[in-house]
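Reproduced below: input-v7.txt, with compact mmCIF, C-alpha atoms.
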```
# COMPACT_ATOMS: atom_id res chain seq x y z
CA MET A 3 120.62 122.45 56.12
CA SER A 4 117.39 123.68 57.65
CA SER A 5 114.70 124.86 55.30
CA ARG A 6 112.36 127.78 55.96
CA ARG A 7 109.65 125.19 56.59
CA ASP A 8 111.76 123.46 59.26
CA PHE A 9 112.41 126.81 60.90
CA LEU A 10 108.72 127.65 60.98
CA SER A 11 107.88 124.20 62.26
CA GLY A 12 110.42 124.63 65.06
CA ALA A 13 109.11 128.09 65.85
CA TRP A 14 105.56 126.79 66.09
CA ALA A 15 106.74 123.95 68.34
CA ALA A 16 108.57 126.41 70.61
CA ALA A 17 105.54 128.68 70.73
CA GLY A 18 103.31 125.69 71.53
CA ALA A 19 105.66 124.55 74.28
CA GLY A 20 105.71 128.07 75.73
CA ALA A 21 101.94 128.27 75.64
CA ALA A 22 101.71 124.86 77.30
CA VAL A 23 104.04 125.93 80.12
CA ALA A 24 102.04 129.12 80.60
CA GLY A 25 98.81 127.11 80.62
CA VAL A 26 100.18 124.65 83.15
CA ALA A 27 101.36 127.52 85.34
CA ALA A 28 97.97 129.23 85.14
CA VAL A 29 95.95 126.09 85.90
CA GLY A 30 98.40 125.03 88.61
CA LYS A 31 98.11 128.45 90.22
CA ALA A 32 94.35 128.24 90.10
CA LEU A 33 94.42 124.79 91.69
CA SER A 34 96.80 125.78 94.45
CA ASP A 35 95.05 129.07 95.01
CA SER A 36 94.93 128.92 98.78
CA PRO A 37 98.31 129.61 100.36
CA GLU A 38 99.87 126.51 101.90
CA THR A 39 99.00 126.51 105.56
CA ALA A 40 100.95 124.75 108.27
CA ARG A 41 99.50 121.37 109.26
CA THR A 42 98.52 120.98 112.87
CA VAL A 43 98.09 117.77 114.83
CA ASP A 44 96.21 117.60 118.11
CA LEU A 45 97.91 115.62 120.84
CA SER A 46 95.23 114.70 123.35
CA PRO A 47 96.06 113.97 127.01
CA ALA A 48 95.03 110.33 126.49
CA LEU A 49 97.41 110.01 123.56
CA LEU A 50 100.24 111.65 125.50
CA ARG A 51 99.70 109.33 128.48
CA LYS A 52 99.70 106.32 126.17
CA ALA A 53 102.91 107.53 124.50
CA GLU A 54 104.55 107.96 127.90
CA LYS A 55 103.42 104.53 129.06
CA GLU A 56 104.55 102.76 125.89
CA GLY A 57 107.84 104.65 125.59
CA GLY A 58 106.67 106.45 122.46
CA LEU A 59 104.13 106.03 119.70
CA VAL A 60 103.59 107.13 116.12
CA HIS A 61 100.56 109.35 115.48
CA GLU A 62 99.75 111.04 112.13
CA GLY A 63 103.36 110.94 111.01
CA LEU A 64 104.74 112.18 114.31
CA LEU A 65 106.70 110.28 116.93
CA VAL A 66 105.47 111.30 120.36
CA ARG A 67 107.44 110.33 123.45
CA GLY A 68 108.57 111.58 126.84
CA PRO A 69 106.44 112.74 129.75
CA ALA A 70 102.85 113.67 129.00
CA SER A 71 103.38 117.08 130.58
CA ALA A 72 106.37 117.89 128.36
CA PRO A 73 106.32 115.60 125.34
CA ILE A 74 109.06 115.37 122.74
CA VAL A 75 107.71 115.22 119.20
CA LEU A 76 109.60 114.36 116.00
CA ASP A 77 108.20 114.79 112.50
CA LEU A 78 108.84 111.47 110.73
CA THR A 79 109.22 113.13 107.33
CA CYS A 80 112.63 112.53 105.78
CA THR A 81 114.51 115.78 105.21
CA HIS A 82 115.84 114.46 101.88
CA LEU A 83 112.75 113.98 99.69
CA ARG A 84 109.96 113.92 102.28
CA CYS A 85 109.31 110.18 102.49
CA ARG A 86 107.96 108.87 105.78
CA VAL A 87 110.81 107.47 107.90
CA ALA A 88 110.22 104.46 110.12
CA PRO A 89 111.62 103.62 113.55
CA VAL A 90 114.10 100.75 113.39
CA GLU A 91 115.05 98.11 115.91
CA GLY A 92 117.78 99.26 118.23
CA GLY A 93 116.73 102.90 118.02
CA GLY A 94 116.87 105.48 115.31
CA PHE A 95 114.97 105.86 112.07
CA SER A 96 115.39 104.76 108.49
CA CYS A 97 114.04 106.26 105.28
CA PRO A 98 112.62 103.62 102.92
CA CYS A 99 113.17 105.72 99.78
CA HIS A 100 116.90 106.41 99.64
CA GLY A 101 118.23 104.78 102.79
CA SER A 102 118.92 107.81 105.01
CA ARG A 103 119.50 106.84 108.63
CA TYR A 104 118.83 108.97 111.69
CA ASP A 105 119.77 108.33 115.31
CA SER A 106 117.16 108.15 118.04
CA GLU A 107 117.25 111.94 118.40
CA GLY A 108 116.52 112.38 114.71
CA ARG A 109 120.02 113.49 113.72
CA PRO A 110 121.19 112.22 110.32
CA VAL A 111 123.77 109.44 110.60
CA SER A 112 124.16 108.26 107.02
CA GLY A 113 122.60 108.60 103.58
CA PRO A 114 121.51 111.69 101.67
CA ALA A 115 119.41 113.38 104.40
CA PRO A 116 120.79 116.93 104.74
CA ARG A 117 119.54 117.72 108.25
CA ALA A 118 117.86 116.37 111.36
CA LEU A 119 114.19 115.41 111.53
CA SER A 120 112.21 118.49 112.40
CA ARG A 121 110.59 119.05 115.77
CA PRO A 122 107.17 120.63 115.43
CA ARG A 123 106.36 123.61 117.61
CA LEU A 124 104.09 122.60 120.48
CA SER A 125 101.51 124.88 121.99
CA PRO A 126 99.27 124.01 124.93
CA SER A 127 95.74 123.14 123.91
CA GLY A 128 93.33 122.32 126.73
CA SER A 129 95.14 119.73 128.79
CA GLY A 130 97.03 118.47 125.72
CA PHE A 131 99.14 120.08 123.01
CA THR A 132 98.87 121.08 119.40
CA ALA A 133 101.85 120.29 117.17
CA ARG A 134 102.38 122.71 114.32
CA LEU A 135 104.32 121.40 111.31
CA SER A 136 105.83 123.88 108.88
CA MET B 74 108.52 97.56 61.57
CA ILE B 75 106.99 94.67 63.49
CA LEU B 76 108.25 95.86 66.89
CA GLY B 77 106.61 99.26 66.47
CA ARG B 78 103.27 97.73 65.47
CA LEU B 79 103.36 95.26 68.34
CA THR B 80 104.15 98.10 70.75
CA TRP B 81 101.10 99.96 69.57
CA GLY B 82 99.05 96.80 70.00
CA LEU B 83 100.28 96.60 73.60
CA LEU B 84 99.16 100.18 74.18
CA ALA B 85 95.70 99.24 72.89
CA VAL B 86 95.56 96.26 75.27
CA ALA B 87 96.68 98.47 78.18
CA VAL B 88 93.98 101.02 77.38
CA LEU B 89 91.20 98.44 77.03
CA SER B 90 92.19 96.58 80.20
CA GLY B 91 92.48 99.92 81.99
CA LEU B 92 88.92 100.79 80.99
CA ALA B 93 87.79 97.44 82.39
CA LEU B 94 89.64 98.12 85.66
CA ALA B 95 88.46 101.70 86.15
CA PRO B 96 85.09 100.94 87.82
CA PHE B 97 86.82 98.92 90.55
CA TRP B 98 89.33 101.60 91.62
CA SER B 99 88.66 104.23 94.25
CA ALA B 100 90.67 107.45 94.52
CA ALA B 101 89.87 107.74 98.23
CA ARG B 102 90.73 104.10 99.06
CA PRO B 103 93.15 103.02 96.31
CA LEU B 104 94.88 100.13 98.04
CA GLU B 105 91.71 98.70 99.58
CA SER B 106 89.87 98.88 96.28
CA LEU B 107 92.69 97.08 94.48
CA GLU B 108 92.94 94.46 97.21
CA THR B 109 89.23 93.83 96.80
CA LEU B 110 89.66 93.64 93.05
CA THR B 111 92.55 91.21 93.14
CA GLY B 112 91.41 89.18 96.14
CA ALA B 113 87.65 88.99 95.92
CA THR B 114 86.70 89.71 92.31
CA PRO B 115 86.78 86.82 89.83
CA TRP B 116 89.53 87.39 87.28
CA GLY B 117 90.47 90.65 89.00
CA PHE B 118 94.04 89.58 89.71
CA TRP B 119 94.49 88.45 86.13
CA LEU B 120 92.91 91.58 84.64
CA ARG B 121 95.21 93.81 86.68
CA GLY B 122 98.12 91.68 85.49
CA VAL B 123 97.05 92.13 81.86
CA HIS B 124 96.91 95.90 82.35
CA ALA B 125 100.27 96.17 84.11
CA LEU B 126 102.14 93.78 81.84
CA SER B 127 100.80 95.23 78.60
CA ALA B 128 101.75 98.72 79.85
CA TRP B 129 105.24 97.53 80.78
CA GLY B 130 105.46 95.89 77.38
CA PHE B 131 104.45 99.16 75.75
CA LEU B 132 107.25 101.03 77.54
CA ALA B 133 109.83 98.32 76.83
CA GLY B 134 108.66 98.18 73.21
CA THR B 135 108.89 101.95 72.85
CA VAL B 136 112.50 101.95 74.08
CA ALA B 137 113.42 98.94 71.96
CA HIS B 138 111.78 100.47 68.88
CA LEU B 139 113.62 103.74 69.44
CA VAL B 140 116.93 101.89 69.64
CA GLU B 141 115.98 99.88 66.55
CA VAL B 142 115.22 103.04 64.58
CA LEU B 143 118.50 104.66 65.59
CA TRP B 144 120.42 101.47 64.88
CA LYS B 145 118.97 101.28 61.36
CA LYS B 146 119.32 105.06 60.94
CA SER B 147 115.72 105.21 59.82
CA ASP B 148 115.05 108.30 61.95
CA ARG B 149 115.78 110.39 58.87
CA ARG B 150 112.63 109.08 57.22
CA LEU B 151 110.56 111.12 59.67
CA SER B 152 110.30 114.87 59.51
CA PRO B 153 112.08 116.65 62.41
CA ALA B 154 108.81 117.64 64.04
CA VAL B 155 107.38 114.11 63.86
CA TRP B 156 110.68 112.70 65.12
CA TRP B 157 110.69 115.00 68.17
CA ARG B 158 107.09 114.13 68.94
CA SER B 159 107.94 110.44 68.58
CA VAL B 160 110.82 110.90 71.04
CA ALA B 161 108.41 112.66 73.39
CA LEU B 162 106.49 109.40 73.53
CA LEU B 163 109.18 108.04 75.84
CA PRO B 164 108.66 110.48 78.77
CA VAL B 165 104.90 110.45 78.15
CA ALA B 166 104.88 106.65 78.44
CA VAL B 167 106.97 106.79 81.62
CA LEU B 168 104.64 109.38 83.15
CA ALA B 169 101.59 107.32 82.20
CA LEU B 170 103.07 104.22 83.82
CA LEU B 171 104.26 106.14 86.86
CA GLY B 172 100.70 107.37 87.39
CA GLY B 173 99.51 103.77 87.36
CA PHE B 174 102.15 102.85 89.92
CA LEU B 175 101.12 105.72 92.20
CA MET B 176 97.49 104.63 91.93
CA ARG B 177 98.34 101.43 93.84
CA GLY B 178 98.32 103.43 97.07
CA ASP B 179 100.55 100.94 98.92
CA ALA B 180 103.67 101.91 100.87
CA GLU B 181 105.85 101.89 97.74
CA ALA B 182 103.39 104.09 95.87
CA GLN B 183 103.09 106.53 98.78
CA ALA B 184 106.87 106.83 98.97
CA ALA B 185 107.09 107.32 95.19
CA LEU B 186 104.41 110.00 95.36
CA ALA B 187 106.37 111.94 98.00
CA VAL B 188 109.55 111.72 95.94
CA TRP B 189 107.87 112.75 92.69
CA ARG B 190 106.24 115.68 94.36
CA GLU B 191 109.68 116.91 95.43
CA VAL B 192 111.24 116.16 92.04
CA SER B 193 108.45 118.00 90.19
CA ALA B 194 108.58 120.91 92.61
CA SER B 195 112.32 121.30 91.94
CA ILE B 196 111.68 122.23 88.28
CA PRO B 197 112.47 125.95 87.92
CA LEU B 198 109.59 128.44 87.65
CA ALA B 199 106.57 126.16 87.17
CA GLY B 200 107.77 123.33 89.44
CA PRO B 201 105.51 123.70 92.50
CA LEU B 202 102.50 124.45 90.29
CA LEU B 203 103.28 121.50 88.06
CA ALA B 204 103.53 119.26 91.13
CA SER B 205 100.09 120.44 92.30
CA LEU B 206 98.62 120.02 88.85
CA LEU B 207 99.96 116.54 88.18
CA LEU B 208 99.98 115.02 91.66
CA GLY B 209 97.47 117.07 93.63
CA VAL B 210 98.24 118.91 96.83
CA PRO B 211 99.70 116.95 99.77
CA GLY B 212 96.97 115.20 101.71
CA SER B 213 94.51 115.09 98.81
CA ASP B 214 93.31 111.83 97.27
CA LEU B 215 94.71 110.31 94.07
CA ALA B 216 92.05 111.70 91.72
CA PRO B 217 94.46 114.09 89.92
CA VAL B 218 96.98 111.28 89.46
CA ALA B 219 94.25 109.03 88.03
CA LEU B 220 93.03 111.78 85.74
CA HIS B 221 96.48 112.27 84.21
CA HIS B 222 97.16 108.53 84.09
CA ALA B 223 93.96 107.62 82.28
CA GLY B 224 93.45 110.93 80.51
CA THR B 225 96.32 113.26 79.78
CA PHE B 226 99.22 110.87 79.36
CA THR B 227 97.30 107.98 77.83
CA LEU B 228 95.67 110.27 75.28
CA LEU B 229 99.01 111.88 74.51
CA ALA B 230 100.64 108.47 74.16
CA TRP B 231 97.88 107.37 71.80
CA LEU B 232 98.07 110.53 69.70
CA LEU B 233 101.86 110.43 69.44
CA THR B 234 101.82 106.74 68.57
CA ALA B 235 99.06 107.26 66.01
CA GLU B 236 100.97 110.08 64.34
CA HIS B 237 104.14 108.02 64.30
CA GLY B 238 102.32 104.97 62.97
CA GLY B 239 100.32 106.94 60.41
CA ALA B 240 96.95 105.52 61.47
CA LEU B 241 94.42 106.18 64.20
CA VAL B 242 94.29 102.60 65.53
CA PRO B 243 96.75 99.70 65.50
CA ASP B 244 96.24 96.88 63.03
CA LEU B 245 94.14 93.94 64.19
CA ARG B 246 96.86 91.31 63.88
CA SER B 247 99.32 93.21 66.13
CA THR B 248 96.59 93.92 68.66
CA VAL B 249 95.52 90.29 68.84
CA LEU B 250 99.14 89.19 69.16
CA ALA B 251 99.77 91.76 71.91
CA ALA B 252 96.59 90.69 73.70
CA LEU B 253 97.48 86.99 73.58
CA GLY B 254 100.99 87.73 74.86
CA SER B 255 99.62 89.90 77.70
CA PHE B 256 96.97 87.32 78.63
CA ALA B 257 99.57 84.57 78.84
CA ALA B 258 102.07 86.71 80.73
CA ALA B 259 99.40 87.76 83.24
CA GLY B 260 98.69 84.11 83.91
CA LEU B 261 102.34 83.33 84.50
CA LEU B 262 103.74 86.43 86.23
CA PRO B 263 102.03 87.65 89.40
CA VAL B 264 101.73 91.44 89.68
CA SER B 265 101.27 91.82 93.42
CA LEU B 266 100.51 94.80 95.60
CA GLY B 267 102.79 95.89 98.43
CA PRO B 268 101.95 96.40 102.10
CA ALA B 269 100.11 99.51 103.29
CA LEU B 270 103.02 100.50 105.53
CA ALA B 271 106.76 100.21 104.99
CA PRO B 272 108.35 97.31 106.85
CA ASP B 273 110.75 98.60 109.52
CA GLY B 274 114.05 99.73 108.08
CA ALA B 275 113.48 98.14 104.69
CA LEU B 276 114.16 100.05 101.49
CA LEU B 277 111.08 100.40 99.28
CA LEU B 278 111.58 100.05 95.56
CA GLY B 279 109.90 102.29 93.01
CA PRO B 280 108.72 101.01 89.62
CA TRP B 281 111.34 98.90 87.85
CA TYR B 282 111.86 101.43 85.06
CA LEU B 283 112.72 104.18 87.56
CA LEU B 284 115.07 102.23 89.83
CA GLY B 285 118.09 103.87 88.20
CA LEU B 286 116.68 107.29 89.03
CA GLN B 287 115.87 106.21 92.57
CA GLY B 288 119.45 104.99 92.93
CA ALA B 289 120.80 108.21 91.42
CA LEU B 290 118.87 110.34 93.91
CA VAL B 291 120.78 108.70 96.76
CA VAL B 292 123.90 110.55 95.65
CA LEU B 293 122.69 113.30 93.31
CA PRO B 294 120.64 116.40 94.14
CA VAL B 295 116.88 116.35 93.65
CA PHE B 296 116.93 118.23 90.33
CA ALA B 297 118.71 115.21 88.81
CA GLY B 298 115.27 113.59 88.95
CA TRP B 299 114.06 115.68 86.01
CA LEU B 300 117.36 116.84 84.51
CA LEU B 301 118.75 113.36 83.76
CA PRO B 302 115.63 112.23 81.85
CA LEU B 303 115.52 115.59 80.06
CA LEU B 304 119.12 115.15 78.89
CA LEU B 305 118.30 111.70 77.52
CA VAL B 306 115.23 112.91 75.67
CA ALA B 307 117.15 115.89 74.27
CA ALA B 308 119.94 113.59 73.08
CA PHE B 309 117.47 111.25 71.37
CA GLY B 310 115.81 114.20 69.67
CA LEU B 311 119.04 115.85 68.52
CA VAL B 312 120.42 112.65 67.00
CA ARG B 313 118.02 113.15 64.09
CA HIS B 314 119.80 116.39 63.17
CA LEU B 315 123.38 115.13 63.25
CA GLU B 316 125.61 113.11 60.99
CA GLY B 317 129.05 111.51 61.26
CA ARG B 318 131.12 112.11 64.38
CA PRO B 319 128.66 114.40 66.19
CA ARG B 320 125.96 111.74 65.80
CA ALA B 321 128.32 109.03 67.02
CA ALA B 322 129.32 111.20 69.99
CA LEU B 323 125.68 111.80 70.92
CA LEU B 324 124.88 108.10 70.62
CA ALA B 325 127.89 107.38 72.84
CA PHE B 326 126.40 109.79 75.37
CA VAL B 327 123.08 107.93 75.20
CA ALA B 328 124.89 104.62 75.70
CA ALA B 329 126.83 106.06 78.66
CA TRP B 330 123.57 107.37 80.11
CA GLY B 331 122.05 103.91 79.80
CA ALA B 332 125.08 102.25 81.38
CA GLY B 333 125.05 104.73 84.26
CA TYR B 334 121.33 104.17 84.74
CA LEU B 335 121.87 100.41 84.85
CA ALA B 336 124.72 100.85 87.34
CA PHE B 337 122.50 102.93 89.65
CA THR B 338 119.77 100.30 89.34
CA ILE B 339 122.12 97.47 90.28
CA ARG B 340 123.61 99.51 93.14
CA LEU B 341 120.13 100.12 94.55
CA LEU B 342 119.15 96.48 94.22
CA PHE B 343 122.28 95.43 96.09
CA ALA B 344 121.47 97.94 98.83
CA THR B 345 118.11 96.25 99.40
CA ARG B 346 119.67 92.83 100.02
```

I need this file expressed as structure tokens, please.
Amino acid sequence: MSSRRDFLSGAWAAAGAGAAVAGVAAVGKALSDSPETARTVDLSPALLRKAEKEGGLVHEGLLVRGPASAPIVLDLTCTHLRCRVAPVEGGGFSCPCHGSRYDSEGRPVSGPAPRALSRPRLSPSGSGFTARLS
Amino acid sequence: MILGRLTWGLLAVAVLSGLALAPFWSAARPLESLETLTGATPWGFWLRGVHALSAWGFLAGTVAHLVEVLWKKSDRRLSPAVWWRSVALLPVAVLALLGGFLMRGDAEAQAALAVWREVSASIPLAGPLLASLLLGVPGSDLAPVALHHAGTFTLLAWLLTAEHGGALVPDLRSTVLAALGSFAAAGLLPVSLGPALAPDGALLLGPWYLLGLQGALVVLPVFAGWLLPLLLVAAFGLVRHLEGRPRAALLAFVAAWGAGYLAFTIRLLFATR
């Protein structure tokens, strides 16, 4: 049977927990004050030529391949819990966190990944491109 | 209870060795700084081992002591509020240790950081803000993680342990015993760092105490990452208030939780072979 003291103790604990959550929310909001902006990665002509010559290369978490004039770019961030996937021998990609597998086009083949690797939007920038990641 | 006192001694050793390690660690270059410490600084490898092993011992001791208390039904000796705060020591200890793991900055730590950011962000209402507060924003250095590892969670762990133990510091005998055990273990068991990048196609393992959760997240949605631990903590806390069959049922739930966690751990370990 709970005493009045237990009830008050519980009420204080609940109030403290509520205040803590509010405090965390307030400080967190202050810390993440600036709205999250999309990350951009510059793909220079030299990098694009190198990627074309080598049949693809990894640059700042992106896989760049295809012709330098019209590159194909894949974001190597797993669509499950955002770990960095790695190319595997024989083509395709593997996530080191929970074992999701993607084919060479970035489509999920097995594991918990819910969708394909994203393809950043490319916009011309000088004689190269800028990849915009959401 | 000897186990409880020894566990507190291990916390003291972890804190003292952590203070000794702090000047060598860099938030901007975590892995490089630790490689320098362990590879080029006399006794650095051993000191890091003392810190890691005493911290692991603290977590293992906390769990074992909790089980011991429930087994002997001595939880009733504590007031409900003190009991709940003692139970809270478990997630606080895990969060403190997780911060230390993330501070390694190697491929395993980077992967764990990405996962924990998603798990934290999936908490309703305050999730994204909590993730920013505890782990920093994506792309930032590990300073926020270090702050909570050495500050928030270690202080909380100390305060909760002190309240539970009824004294501000552990007794000298337990501390010396814990220190000797940690020193010896650090000499025998290497605590190595991982590579900077994940080997192709290989599964990276998180900290040993979270392998069950890592395995669970292969098949369960992301919110299981905080909901499963929350259920365990709630069950431990509620046990104090129950008697007879309800208490037995709740303890059975805790045992089932533990068995499931072990099963997910083993499943994950088999997947890495």

(request) Please provide the set of residues having any atom within 10 Å of Glu107 in chain A, restricted to all atoms listed in the file, with same-chain residues fewer than 4 positions apart removed, written as a PyMOL selection string. (result) chain A and resi 74+76+93-95+118-119

(request) Would you mind reading off the distance between CA of Trp299 in chain B and CA of Val192 in chain B, one decimal, in Å? (result)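 Between these atoms lies a distance of 6.7 Å.
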
(request) With all atoms listed in the file counted, which protein, DNA or RNA residues have an atom no more than 12 Å from (104.7, 98.0, 64.4) in the file frame? Please answer as a ChimeraX atom specification. (result) /B:74-84,131,134-135,137-139,141-142,234-235,237-240,242-248,250-251

(request) May I ask for the distance between CA of Leu65 in chain A and CA of Asp77 in chain A, given in Å to one decimal place? (result) 6.5 Å

(request) Please measure the separation of CA of Asp214 in chain B and CA of Ala100 in chain B, giving the value in Å to one decimal. (result)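 A separation of 5.8 Å between them.
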
(message) With distances taken over only C-alpha atoms, which residue among A:Asp105, A:Gly128, A:Ser120, A:Cys99 lies nearest chain B?
(response)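 The answer is A:Cys99, which sits nearest to chain B.
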
Sort by chain and increasing residue number a table of all residues of chain B within 9 Å of chain A, each with its closest pair of atoms and their distance in Å to one decimal, counting all atoms listed in the file, and write it as a tab-separated table.
```
residue	atom	partner	partner_atom	distance
B:Ser152	CA	A:Asp8	CA	8.7
B:Pro153	CA	A:Asp8	CA	7.5
B:Ala154	CA	A:Ser11	CA	6.9
B:Glu181	CA	A:Cys99	CA	8.5
B:Gln183	CA	A:Cys85	CA	8.1
B:Ala184	CA	A:Cys85	CA	5.4
B:Ala185	CA	A:Cys99	CA	7.8
B:Leu186	CA	A:Cys85	CA	8.7
B:Ala187	CA	A:Cys85	CA	5.6
B:Val188	CA	A:Leu83	CA	5.4
B:Trp189	CA	A:Leu83	CA	8.6
B:Arg190	CA	A:Leu83	CA	8.6
B:Glu191	CA	A:Leu83	CA	6.0
B:Val192	CA	A:Leu83	CA	8.1
B:Leu198	CA	A:Ala27	CA	8.6
B:Ala199	CA	A:Ala27	CA	5.7
B:Gly200	CA	A:Ala27	CA	8.7
B:Pro201	CA	A:Gly30	CA	8.2
B:Leu202	CA	A:Gly30	CA	4.5
B:Leu203	CA	A:Gly30	CA	6.0
B:Ala204	CA	A:Gly30	CA	8.1
B:Ser205	CA	A:Gly30	CA	6.1
B:Leu206	CA	A:Gly30	CA	5.0
B:Leu207	CA	A:Gly30	CA	8.6
B:Gly209	CA	A:Leu33	CA	8.5
B:Val210	CA	A:Ser34	CA	7.4
B:Ala271	CA	A:Pro98	CA	7.1
B:Pro272	CA	A:Ala88	CA	8.1
B:Asp273	CA	A:Val90	CA	5.6
B:Gly274	CA	A:Ser96	CA	5.2
B:Ala275	CA	A:Pro98	CA	5.8
B:Leu276	CA	A:Pro98	CA	4.1
B:Leu277	CA	A:Pro98	CA	5.1
B:Leu278	CA	A:Cys99	CA	7.2
B:Gly279	CA	A:Cys99	CA	8.3
B:Gln287	CA	A:His100	CA	7.1
B:Gly288	CA	A:His100	CA	7.3
B:Leu290	CA	A:His100	CA	7.2
B:Val291	CA	A:His100	CA	5.3
B:Val292	CA	A:Pro114	CA	6.6
B:Leu293	CA	A:Pro114	CA	8.6
B:Pro294	CA	A:Pro114	CA	8.9
B:Val295	CA	A:Leu83	CA	7.7
B:Leu341	CA	A:His100	CA	8.7
B:Ala344	CA	A:Gly101	CA	8.5
```

(request) Could you give me, as an MDAnalysis selection string, the residues within 9 Å of Thr227 in chain B, counting all atoms listed in the file and dropping anything in the same chain fewer than 6 positions from it? (result) chainID B and resid 84 88 165:166 169 221

Show me, as JSON, the centre and edge lengths in Å to one decimal of the axis-aligned box that covers every listed atom of range 149-168 of chain B with 3 Å on each side.
```
{"center_x": 110.2, "center_y": 112.1, "center_z": 70.2, "size_x": 17.1, "size_y": 17.0, "size_z": 31.9}
```

(request) Within 8 Å of (99.5, 96.7, 100.9) (coordinates as in the file), grab all the protein and nucleic acid residues, counting all atoms listed in the file, and write them out as a list of chain:residue names. (result)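 Output: B:Leu104, B:Glu108, B:Gly178, B:Asp179, B:Ala180, B:Leu266, B:Gly267, B:Pro268, B:Ala269, B:Leu270.
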
(message) Just want the 10 Å neighbourhood of range 312-326 of chain B, counted on only C-alpha atoms, with same-chain residues fewer than 6 positions away dropped. Output as a ChimeraX atom specification.
(response) /A:3-4 /B:143-144,146-153,156-157,304-305,332

Those same residues, written as a PDB file, in the coordinates of the input with C-alpha atoms?
```pdb
ATOM      1  CA  MET A   3     120.620 122.450  56.120  1.00  0.00           C
ATOM      2  CA  SER A   4     117.390 123.680  57.650  1.00  0.00           C
TER       3      SER A   4
ATOM      4  CA  LEU B 143     118.500 104.660  65.590  1.00  0.00           C
ATOM      5  CA  TRP B 144     120.420 101.470  64.880  1.00  0.00           C
ATOM      6  CA  LYS B 146     119.320 105.060  60.940  1.00  0.00           C
ATOM      7  CA  SER B 147     115.720 105.210  59.820  1.00  0.00           C
ATOM      8  CA  ASP B 148     115.050 108.300  61.950  1.00  0.00           C
ATOM      9  CA  ARG B 149     115.780 110.390  58.870  1.00  0.00           C
ATOM     10  CA  ARG B 150     112.630 109.080  57.220  1.00  0.00           C
ATOM     11  CA  LEU B 151     110.560 111.120  59.670  1.00  0.00           C
ATOM     12  CA  SER B 152     110.300 114.870  59.510  1.00  0.00           C
ATOM     13  CA  PRO B 153     112.080 116.650  62.410  1.00  0.00           C
ATOM     14  CA  TRP B 156     110.680 112.700  65.120  1.00  0.00           C
ATOM     15  CA  TRP B 157     110.690 115.000  68.170  1.00  0.00           C
ATOM     16  CA  LEU B 304     119.120 115.150  78.890  1.00  0.00           C
ATOM     17  CA  LEU B 305     118.300 111.700  77.520  1.00  0.00           C
ATOM     18  CA  ALA B 332     125.080 102.250  81.380  1.00  0.00           C
TER      19      ALA B 332
END
```

(message) Measuring between all atoms listed in the file, which one of B:Leu168, B:Leu232, B:Leu132, B:Ala182 shows the shortest distance to Pro103 in chain B?
(response) B:Ala182

(message) Under the rule that all atoms listed in the file are counted, which of A:His61, A:Arg121, A:Gly108, A:Pro116 is the nearest residue to Asp44 in chain A?
(response)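 Selected residue with least distance to Asp44 in chain A: A:His61.
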
(message) Quick one: residues within 10 Å of Ala70 in chain A, only C-alpha atoms, excluding same-chain residues fewer than 3 positions away - as a ChimeraX atom specification?
(response) /A:45-55,66-67,73-74,129-131

Print the selection's residues with C-alpha atoms to a file, as an mmCIF file, in the coordinates of the input.
```cif
data_model
loop_
_atom_site.group_PDB
_atom_site.id
_atom_site.type_symbol
_atom_site.label_atom_id
_atom_site.label_comp_id
_atom_site.auth_asym_id
_atom_site.auth_seq_id
_atom_site.Cartn_x
_atom_site.Cartn_y
_atom_site.Cartn_z
ATOM 1 C CA LEU A 45 97.910 115.620 120.840
ATOM 2 C CA SER A 46 95.230 114.700 123.350
ATOM 3 C CA PRO A 47 96.060 113.970 127.010
ATOM 4 C CA ALA A 48 95.030 110.330 126.490
ATOM 5 C CA LEU A 49 97.410 110.010 123.560
ATOM 6 C CA LEU A 50 100.240 111.650 125.500
ATOM 7 C CA ARG A 51 99.700 109.330 128.480
ATOM 8 C CA LYS A 52 99.700 106.320 126.170
ATOM 9 C CA ALA A 53 102.910 107.530 124.500
ATOM 10 C CA GLU A 54 104.550 107.960 127.900
ATOM 11 C CA LYS A 55 103.420 104.530 129.060
ATOM 12 C CA VAL A 66 105.470 111.300 120.360
ATOM 13 C CA ARG A 67 107.440 110.330 123.450
ATOM 14 C CA PRO A 73 106.320 115.600 125.340
ATOM 15 C CA ILE A 74 109.060 115.370 122.740
ATOM 16 C CA SER A 129 95.140 119.730 128.790
ATOM 17 C CA GLY A 130 97.030 118.470 125.720
ATOM 18 C CA PHE A 131 99.140 120.080 123.010
#
```
